[in-house]
Amino acid sequence: MNILVTGATSEVGQAICRILSKDNNIIIHYHNREDIANSLKEELNNSICLHADLTKEEDINKLVEDSIKEFGSIDILINNAALDLPNLFDEKTKKEFNEVLDVNLVAPFLLSKLVGKKMVENKYGKIINIASTNGIDTYYPMCVDYDASKAGLISLTHNLALQFKPYVNVNAIAPGWIKTEKDMKDLDDNYIKEEEEKIFKNRFGNVEEIAYLVEFLVSDKADYINNQVIRIDGGMY
């Protein structure tokens with residue numbers, strides 16, 4: 001299969017690429033971390049790197065065109081790229097809000113529209129949107145733009161599943177707290193402890209656990225799973 005992973009240079013994106021590269025061709029999308037993208041490409045011998053600014057429609061169009069030119073098709077689309085600007089609620093601007101929506105919601109719409117049409121023609125395809133529990137029932141006013149984008153991505157998932165039926169499976173994954181280098185650096189120990197106490201598993205998840213769920217959803221074993229939002233949060237309350 002030919003798999004396009006957006007935001008592939010993030011820690012979650014890298015884990016997804018590594019897990020899925022065993023039997024598939026991987027299209028590594030990146031925006032401003034070319035060094036990580038190239039390093040990942042060297043690690044995965046069946047992959048290519050493609051640059052795109054997901055706030056620009058022309059870049060999105062070229063990303064799809066170049067992917068198809070290289071591999072002939074995009075069989076699986078993983079909308080993983082995300083922008084989070086966690087500044088104080090009163091300091092947020094319209095420009096920042098729109099930028100978050102462009103990357104987290106509008107880009108998945110445009111990519112899915114382009115790729116989904118080809119999938120329907122080929123009578124096969126899978127789209128997985130990486131959403132968040134922030135889009136369901138976890139609220140942080142300092143992340144209001146991110147939260148809104150993820151709620152929108154969940155709604156988009158349901159609409160795409162209806163639009164592309166019966167040939168394309170469209171599902172969303174909604175992670176809770178995931179242990180990444182960025183979060184571990186930005187959060188103090190007391191806050192992490194407080195948040196872990198709200199999770200039945202008493203720990204943050206790791207990026208590989210997200211990747212394993214993606215691996216299952218793209219496999220034939222998950223062919224009857226469609227139009228779903230799957231939480232992966234350790235039992236958060």
# chains A, B, ... in the order shown; residues from 1 in each chain; ligands from 1

$ select_by_dssp --residues "stretch 3-230 of chain A" --states "helix (DSSP H, G or I)" --output "ChimeraX atom specification"
/A:11-20,34-43,57-71,89-91,94-122,133-135,141-163,181-186,189-196,207-218,220-222

$ select_by_dssp --residues "stretch 9-210 of chain A" --states "strand (DSSP E)" --output "PDB file with C-alpha atoms, in the first residue's frame"
ATOM      1  CA  ASN A  25       5.476   2.678   0.780  1.00  0.00           C
ATOM      2  CA  ILE A  26       5.500   5.767   2.993  1.00  0.00           C
ATOM      3  CA  ILE A  27       5.123   9.371   1.842  1.00  0.00           C
ATOM      4  CA  ILE A  28       6.724  11.492   4.556  1.00  0.00           C
ATOM      5  CA  HIS A  29       5.144  14.939   4.584  1.00  0.00           C
ATOM      6  CA  TYR A  30       6.990  17.735   6.354  1.00  0.00           C
ATOM      7  CA  SER A  47       9.781   6.123   1.449  1.00  0.00           C
ATOM      8  CA  ILE A  48       9.944   9.591  -0.058  1.00  0.00           C
ATOM      9  CA  CYS A  49       9.914  13.060   1.533  1.00  0.00           C
ATOM     10  CA  LEU A  50       7.591  15.782   0.268  1.00  0.00           C
ATOM     11  CA  HIS A  51       7.345  19.344   1.543  1.00  0.00           C
ATOM     12  CA  ILE A  76      -4.207   5.304   2.774  1.00  0.00           C
ATOM     13  CA  LEU A  77      -4.234   8.863   4.093  1.00  0.00           C
ATOM     14  CA  ILE A  78      -3.227   9.625   7.680  1.00  0.00           C
ATOM     15  CA  ASN A  79      -4.208  13.208   8.573  1.00  0.00           C
ATOM     16  CA  GLY A 125      -9.082   3.397   0.494  1.00  0.00           C
ATOM     17  CA  LYS A 126      -8.718   4.279   4.147  1.00  0.00           C
ATOM     18  CA  ILE A 127      -8.556   7.681   5.792  1.00  0.00           C
ATOM     19  CA  ILE A 128      -7.553   8.071   9.425  1.00  0.00           C
ATOM     20  CA  ASN A 129      -7.843  11.432  11.135  1.00  0.00           C
ATOM     21  CA  ILE A 130      -5.769  11.976  14.275  1.00  0.00           C
ATOM     22  CA  VAL A 168     -13.513   4.088   1.722  1.00  0.00           C
ATOM     23  CA  ASN A 169     -13.227   3.559   5.472  1.00  0.00           C
ATOM     24  CA  VAL A 170     -12.939   6.829   7.370  1.00  0.00           C
ATOM     25  CA  ASN A 171     -12.189   6.779  11.083  1.00  0.00           C
ATOM     26  CA  ALA A 172     -10.760   9.092  13.718  1.00  0.00           C
ATOM     27  CA  ILE A 173      -8.435   8.388  16.612  1.00  0.00           C
ATOM     28  CA  ALA A 174      -8.807  10.600  19.695  1.00  0.00           C
ATOM     29  CA  PRO A 175      -5.710  10.393  21.904  1.00  0.00           C
ATOM     30  CA  ILE A 178       0.580  11.196  25.092  1.00  0.00           C
ATOM     31  CA  LYS A 179       4.129  11.354  26.391  1.00  0.00           C
ATOM     32  CA  GLY A 205       0.328   7.014  26.681  1.00  0.00           C
ATOM     33  CA  ASN A 206       3.290   6.656  24.365  1.00  0.00           C
TER      34      ASN A 206
END

$ closest_residue --among "A:Tyr191, A:Glu99, A:Glu121, A:Ala52" --to "A:Glu34" --atoms "only C-alpha atoms"
A:Ala52

$ closest_residue --among "A:Asn61, A:Asn45, A:Met142, A:Phe71" --to "A:Lys92" --atoms "only C-alpha atoms"
A:Met142

$ closest_residue --among "A:Leu63, A:Ala222, A:Ile16, A:Met119" --to "A:Phe164" --atoms "only C-alpha atoms"
A:Met119

$ closest_residue --among "A:Glu91, A:Asp186, A:Tyr124, A:Ile230" --to "A:Val214" --atoms "only C-alpha atoms"
A:Ile230

$ atom_distance --atom1 "atom CA of A:Ile136" --atom2 "atom CA of A:Trp177"
13.6 Å

$ residues_around --residues "A:Lys193" --least-positions-apart "4" --cutoff "12 Å" --atoms "only C-alpha atoms" --output "MDAnalysis selection string"
chainID A and resid 177 184 187:189 197:199 202:204

$ write_last_selection --atoms "all heavy atoms" --output "mmCIF file, in the first residue's frame"
data_model
loop_
_atom_site.group_PDB
_atom_site.id
_atom_site.type_symbol
_atom_site.label_atom_id
_atom_site.label_comp_id
_atom_site.auth_asym_id
_atom_site.auth_seq_id
_atom_site.Cartn_x
_atom_site.Cartn_y
_atom_site.Cartn_z
ATOM 1 N N TRP A 177 -3.711 12.205 26.844
ATOM 2 C CA TRP A 177 -2.329 12.624 27.090
ATOM 3 C C TRP A 177 -1.354 11.586 26.531
ATOM 4 O O TRP A 177 -1.416 10.411 26.877
ATOM 5 C CB TRP A 177 -2.066 12.782 28.582
ATOM 6 C CG TRP A 177 -2.524 14.078 29.166
ATOM 7 C CD1 TRP A 177 -3.527 14.257 30.083
ATOM 8 C CD2 TRP A 177 -1.995 15.376 28.895
ATOM 9 N NE1 TRP A 177 -3.659 15.592 30.395
ATOM 10 C CE2 TRP A 177 -2.729 16.298 29.678
ATOM 11 C CE3 TRP A 177 -0.976 15.860 28.066
ATOM 12 C CZ2 TRP A 177 -2.470 17.678 29.664
ATOM 13 C CZ3 TRP A 177 -0.724 17.230 28.044
ATOM 14 C CH2 TRP A 177 -1.460 18.114 28.831
ATOM 15 N N MET A 184 6.704 16.771 27.859
ATOM 16 C CA MET A 184 7.491 16.531 29.077
ATOM 17 C C MET A 184 8.355 17.734 29.423
ATOM 18 O O MET A 184 8.650 17.989 30.588
ATOM 19 C CB MET A 184 8.371 15.288 28.907
ATOM 20 C CG MET A 184 7.590 13.983 28.778
ATOM 21 S SD MET A 184 6.475 13.649 30.182
ATOM 22 C CE MET A 184 4.891 14.141 29.511
ATOM 23 N N LEU A 187 5.566 20.783 30.571
ATOM 24 C CA LEU A 187 4.709 20.575 31.741
ATOM 25 C C LEU A 187 5.552 20.305 32.981
ATOM 26 O O LEU A 187 6.518 19.545 32.919
ATOM 27 C CB LEU A 187 3.767 19.390 31.503
ATOM 28 C CG LEU A 187 2.875 19.462 30.256
ATOM 29 C CD1 LEU A 187 2.087 18.163 30.115
ATOM 30 C CD2 LEU A 187 1.946 20.653 30.313
ATOM 31 N N ASP A 188 5.159 20.905 34.103
ATOM 32 C CA ASP A 188 5.920 20.642 35.325
ATOM 33 C C ASP A 188 5.463 19.332 35.959
ATOM 34 O O ASP A 188 4.384 18.802 35.663
ATOM 35 C CB ASP A 188 5.813 21.804 36.320
ATOM 36 C CG ASP A 188 4.403 22.027 36.837
ATOM 37 O OD1 ASP A 188 3.843 21.090 37.431
ATOM 38 O OD2 ASP A 188 3.861 23.139 36.652
ATOM 39 N N ASP A 189 6.285 18.809 36.848
ATOM 40 C CA ASP A 189 6.050 17.481 37.426
ATOM 41 C C ASP A 189 4.739 17.398 38.191
ATOM 42 O O ASP A 189 4.042 16.377 38.131
ATOM 43 C CB ASP A 189 7.213 17.100 38.351
ATOM 44 C CG ASP A 189 8.500 16.848 37.573
ATOM 45 O OD1 ASP A 189 8.414 16.628 36.349
ATOM 46 O OD2 ASP A 189 9.578 16.870 38.194
ATOM 47 N N GLU A 197 -3.325 11.197 37.599
ATOM 48 C CA GLU A 197 -4.302 10.703 38.574
ATOM 49 C C GLU A 197 -5.724 10.673 38.015
ATOM 50 O O GLU A 197 -6.602 10.031 38.581
ATOM 51 C CB GLU A 197 -4.238 11.556 39.845
ATOM 52 C CG GLU A 197 -2.962 11.318 40.654
ATOM 53 C CD GLU A 197 -2.830 12.270 41.824
ATOM 54 O OE1 GLU A 197 -3.665 13.215 41.930
ATOM 55 O OE2 GLU A 197 -1.895 12.097 42.628
ATOM 56 N N LYS A 198 -5.945 11.369 36.881
ATOM 57 C CA LYS A 198 -7.259 11.373 36.237
ATOM 58 C C LYS A 198 -7.394 10.236 35.218
ATOM 59 O O LYS A 198 -8.432 10.107 34.571
ATOM 60 C CB LYS A 198 -7.489 12.704 35.515
ATOM 61 C CG LYS A 198 -7.442 13.937 36.406
ATOM 62 C CD LYS A 198 -7.561 15.201 35.557
ATOM 63 C CE LYS A 198 -7.395 16.456 36.398
ATOM 64 N NZ LYS A 198 -7.413 17.684 35.541
ATOM 65 N N ILE A 199 -6.338 9.441 35.066
ATOM 66 C CA ILE A 199 -6.316 8.383 34.065
ATOM 67 C C ILE A 199 -6.330 7.033 34.773
ATOM 68 O O ILE A 199 -5.538 6.797 35.682
ATOM 69 C CB ILE A 199 -5.045 8.509 33.177
ATOM 70 C CG1 ILE A 199 -5.019 9.886 32.487
ATOM 71 C CG2 ILE A 199 -4.988 7.395 32.133
ATOM 72 C CD1 ILE A 199 -3.708 10.208 31.798
ATOM 73 N N ASN A 202 -3.125 5.466 35.129
ATOM 74 C CA ASN A 202 -2.167 6.253 35.936
ATOM 75 C C ASN A 202 -0.876 6.592 35.200
ATOM 76 O O ASN A 202 0.197 6.651 35.801
ATOM 77 C CB ASN A 202 -1.823 5.520 37.241
ATOM 78 C CG ASN A 202 -3.001 5.461 38.180
ATOM 79 O OD1 ASN A 202 -3.343 4.398 38.680
ATOM 80 N ND2 ASN A 202 -3.639 6.587 38.441
ATOM 81 N N ARG A 203 -0.980 6.791 33.901
ATOM 82 C CA ARG A 203 0.191 7.202 33.123
ATOM 83 C C ARG A 203 -0.248 7.831 31.820
ATOM 84 O O ARG A 203 -1.383 7.634 31.374
ATOM 85 C CB ARG A 203 1.094 5.994 32.827
ATOM 86 C CG ARG A 203 0.473 4.961 31.879
ATOM 87 C CD ARG A 203 1.471 3.900 31.478
ATOM 88 N NE ARG A 203 0.892 2.849 30.632
ATOM 89 C CZ ARG A 203 0.768 2.926 29.309
ATOM 90 N NH1 ARG A 203 1.165 4.019 28.657
ATOM 91 N NH2 ARG A 203 0.225 1.928 28.624
ATOM 92 N N PHE A 204 0.655 8.592 31.209
ATOM 93 C CA PHE A 204 0.433 9.079 29.859
ATOM 94 C C PHE A 204 0.691 7.927 28.884
ATOM 95 O O PHE A 204 1.453 7.001 29.179
ATOM 96 C CB PHE A 204 1.390 10.221 29.528
ATOM 97 C CG PHE A 204 1.032 11.542 30.177
ATOM 98 C CD1 PHE A 204 0.065 11.626 31.167
ATOM 99 C CD2 PHE A 204 1.685 12.707 29.796
ATOM 100 C CE1 PHE A 204 -0.258 12.839 31.767
ATOM 101 C CE2 PHE A 204 1.367 13.917 30.383
ATOM 102 C CZ PHE A 204 0.398 13.990 31.366
#

$ residues_around --residues "A:Asn98" --least-positions-apart "3" --cutoff "12 Å" --atoms "only C-alpha atoms" --output "list in words"
Thr55, Leu83, Asp84, Leu85, Lys92, Thr93, Lys94, Lys95, Leu101, Asp102, Val103, Asn104, Leu105, Val106, Ala107, Val144, Asp145, Tyr146, Ala148 and Ser149 of chain A

$ atom_distance --atom1 "atom CA of A:Asn226" --atom2 "atom CA of A:Asn122"
17.9 Å
